[in-house]
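Written out below as structure tokens is the structure these notes cover.
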Amino acid sequence: NACNTSPAAVPSAVTVGATDSRDARSIWPSGKSSNHGTCLDLFGPGSDIVSASHLNDTGSRSDGGTSMASPHV
């Protein structure tokens with residue numbers, strides 16, 4: 001529950017959750033899932049997002065998380 005963590009519990013914070021391609025709360029292969037609860041303000045795409053990367057020759061990789069969702073909103 002995002003209401004139990006900082007900075008999500010701060011009333012002035014904009015708290016973003018992540019959704020998958022079915023528009024459901026993201027659950028990643030690690031077993032972790034997106035924030036949830038009444039403290040969330042917005043949701044954005046946060047699973048299988050193609051992002052810039054320095055880890056390979058193509059300069060991109062698929063990633064997920066609320067850090068991927070936040071720029072979308």
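Residue numbering restarts at 1 in every chain; chains get A, B, ... in the order shown in the structure tokens, and ligands count up from 1 in that same order.
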Inset, instruction - Please run DSSP on the backbone and report, as a ChimeraX atom specification, all residues within chain A that come out as strand (DSSP E). - result: /A:16-19,42-45,49-52,60-63
Write out the residues from the selection above, keeping C-alpha atoms, as an mmCIF file, in the first residue's frame.
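The resulting file, selection10.cif, is reproduced below:
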data_model
loop_
_atom_site.group_PDB
_atom_site.id
_atom_site.type_symbol
_atom_site.label_atom_id
_atom_site.label_comp_id
_atom_site.auth_asym_id
_atom_site.auth_seq_id
_atom_site.Cartn_x
_atom_site.Cartn_y
_atom_site.Cartn_z
ATOM 1 C CA VAL A 16 2.090 7.246 -9.853
ATOM 2 C CA GLY A 17 1.302 3.564 -10.203
ATOM 3 C CA ALA A 18 2.239 1.328 -13.126
ATOM 4 C CA THR A 19 -0.085 -0.625 -15.420
ATOM 5 C CA LEU A 42 -2.378 8.515 -11.453
ATOM 6 C CA PHE A 43 -1.443 5.376 -13.351
ATOM 7 C CA GLY A 44 0.737 5.106 -16.436
ATOM 8 C CA PRO A 45 2.215 2.354 -18.603
ATOM 9 C CA ILE A 49 8.635 -0.111 -21.733
ATOM 10 C CA VAL A 50 11.415 0.364 -24.291
ATOM 11 C CA SER A 51 13.921 2.709 -22.709
ATOM 12 C CA ALA A 52 17.383 4.043 -23.457
ATOM 13 C CA SER A 60 17.690 0.363 -25.701
ATOM 14 C CA ARG A 61 16.139 -2.242 -23.453
ATOM 15 C CA SER A 62 12.753 -3.281 -22.135
ATOM 16 C CA ASP A 63 12.173 -2.207 -18.547
#
Legend entry - Residue with smallest distance to Gly37 (chain A) - pool A:Val73, A:Met68, A:Ala8, A:Val14, counting only C-alpha atoms: A:Ala8
Legend entry - Test item: residues at most 12 Å from Asn35 (chain A), only C-alpha atoms, excluding those fewer than 3 positions along its chain, as number ranges by chain: A: 1-9, 15-19, 24-27, 32, 38-44, 46, 65-67, 69
Export of prior selection with N, CA and C atoms as a short mmCIF file (atom, residue, chain, number, x, y, z; two decimals), in the first residue's frame:
data_model
loop_
_atom_site.label_atom_id
_atom_site.label_comp_id
_atom_site.auth_asym_id
_atom_site.auth_seq_id
_atom_site.Cartn_x
_atom_site.Cartn_y
_atom_site.Cartn_z
N ASN A 1 0.84 -1.18 0.00
CA ASN A 1 0.00 0.00 0.00
C ASN A 1 0.88 1.24 0.00
N ALA A 2 0.73 2.08 -1.01
CA ALA A 2 1.56 3.27 -1.15
C ALA A 2 1.37 4.24 0.02
N CYS A 3 0.24 4.17 0.70
CA CYS A 3 -0.01 5.07 1.83
C CYS A 3 0.93 4.80 3.00
N ASN A 4 1.61 3.67 2.98
CA ASN A 4 2.52 3.31 4.07
C ASN A 4 3.98 3.62 3.75
N THR A 5 4.24 4.30 2.64
CA THR A 5 5.62 4.58 2.24
C THR A 5 5.82 6.06 1.98
N SER A 6 7.07 6.46 2.05
CA SER A 6 7.44 7.84 1.73
C SER A 6 8.19 7.79 0.40
N PRO A 7 7.98 8.72 -0.47
CA PRO A 7 7.19 9.95 -0.34
C PRO A 7 5.73 9.81 -0.73
N ALA A 8 5.27 8.61 -1.09
CA ALA A 8 3.90 8.45 -1.58
C ALA A 8 2.84 8.91 -0.58
N ALA A 9 3.12 8.78 0.70
CA ALA A 9 2.14 9.14 1.73
C ALA A 9 2.05 10.64 1.97
N THR A 15 1.65 10.75 -6.74
CA THR A 15 2.07 9.35 -6.67
C THR A 15 1.53 8.59 -7.88
N VAL A 16 2.44 7.92 -8.60
CA VAL A 16 2.09 7.25 -9.85
C VAL A 16 2.25 5.74 -9.70
N GLY A 17 1.25 5.01 -10.14
CA GLY A 17 1.30 3.56 -10.20
C GLY A 17 1.55 3.12 -11.63
N ALA A 18 1.92 1.86 -11.80
CA ALA A 18 2.24 1.33 -13.13
C ALA A 18 1.20 0.30 -13.56
N THR A 19 0.84 0.35 -14.85
CA THR A 19 -0.09 -0.63 -15.42
C THR A 19 0.61 -1.43 -16.51
N ALA A 24 -3.99 -3.36 -16.23
CA ALA A 24 -4.07 -3.86 -14.86
C ALA A 24 -2.80 -3.45 -14.12
N ARG A 25 -2.82 -3.52 -12.81
CA ARG A 25 -1.63 -3.17 -12.03
C ARG A 25 -0.46 -4.06 -12.45
N SER A 26 0.68 -3.46 -12.71
CA SER A 26 1.86 -4.20 -13.16
C SER A 26 2.38 -5.13 -12.08
N ILE A 27 2.69 -6.36 -12.50
CA ILE A 27 3.39 -7.32 -11.67
C ILE A 27 4.57 -7.80 -12.51
N LYS A 32 7.56 -8.56 -7.64
CA LYS A 32 7.15 -7.26 -7.12
C LYS A 32 6.04 -6.70 -7.99
N THR A 38 -5.17 4.03 -1.90
CA THR A 38 -5.86 5.31 -2.08
C THR A 38 -4.91 6.49 -2.23
N CYS A 39 -3.64 6.33 -1.92
CA CYS A 39 -2.69 7.44 -2.05
C CYS A 39 -2.20 7.63 -3.48
N LEU A 40 -2.50 6.70 -4.37
CA LEU A 40 -2.10 6.87 -5.77
C LEU A 40 -2.98 7.91 -6.45
N ASP A 41 -2.33 8.77 -7.22
CA ASP A 41 -3.04 9.82 -7.93
C ASP A 41 -3.30 9.45 -9.39
N LEU A 42 -2.32 8.81 -10.02
CA LEU A 42 -2.38 8.51 -11.45
C LEU A 42 -1.75 7.16 -11.73
N PHE A 43 -2.10 6.59 -12.86
CA PHE A 43 -1.44 5.38 -13.35
C PHE A 43 -0.92 5.64 -14.75
N GLY A 44 0.18 5.00 -15.10
CA GLY A 44 0.74 5.11 -16.44
C GLY A 44 1.32 3.77 -16.84
N GLY A 46 3.69 0.91 -17.33
CA GLY A 46 4.91 0.64 -16.58
C GLY A 46 5.45 -0.77 -16.74
N GLY A 65 8.44 -0.57 -14.24
CA GLY A 65 8.43 0.01 -12.92
C GLY A 65 7.72 1.35 -12.90
N THR A 66 7.53 1.87 -11.72
CA THR A 66 6.89 3.17 -11.61
C THR A 66 7.79 4.28 -12.16
N SER A 67 9.09 4.03 -12.20
CA SER A 67 9.99 5.02 -12.83
C SER A 67 9.78 5.08 -14.33
N ALA A 69 6.63 4.49 -15.56
CA ALA A 69 5.26 5.01 -15.67
C ALA A 69 5.21 6.52 -15.46
#
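The space between CA of Gly59 (chain A) and CA of Asp23 (chain A) spans 27.2 Å.
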Write down as a compact mmCIF listing (two decimals) with C-alpha atoms, in the first residue's frame the residues belonging to chain A that are assigned helix (DSSP H, G or I) by DSSP computed on the backbone.
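Below is the file part27.txt, written as the result:
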# COMPACT_ATOMS: atom_id res chain seq x y z
CA ALA A 2 1.56 3.27 -1.15
CA CYS A 3 -0.01 5.07 1.83
CA ASN A 4 2.52 3.31 4.07
CA THR A 66 6.89 3.17 -11.61
CA SER A 67 9.99 5.02 -12.83
CA MET A 68 8.90 4.02 -16.33
CA ALA A 69 5.26 5.01 -15.67
CA SER A 70 5.92 8.47 -14.19
CA PRO A 71 7.27 10.10 -17.38
CA HIS A 72 4.10 9.03 -19.22
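The spacing separating CA of Arg22 (chain A) from CA of Asp48 (chain A) amounts to 11.9 Å.
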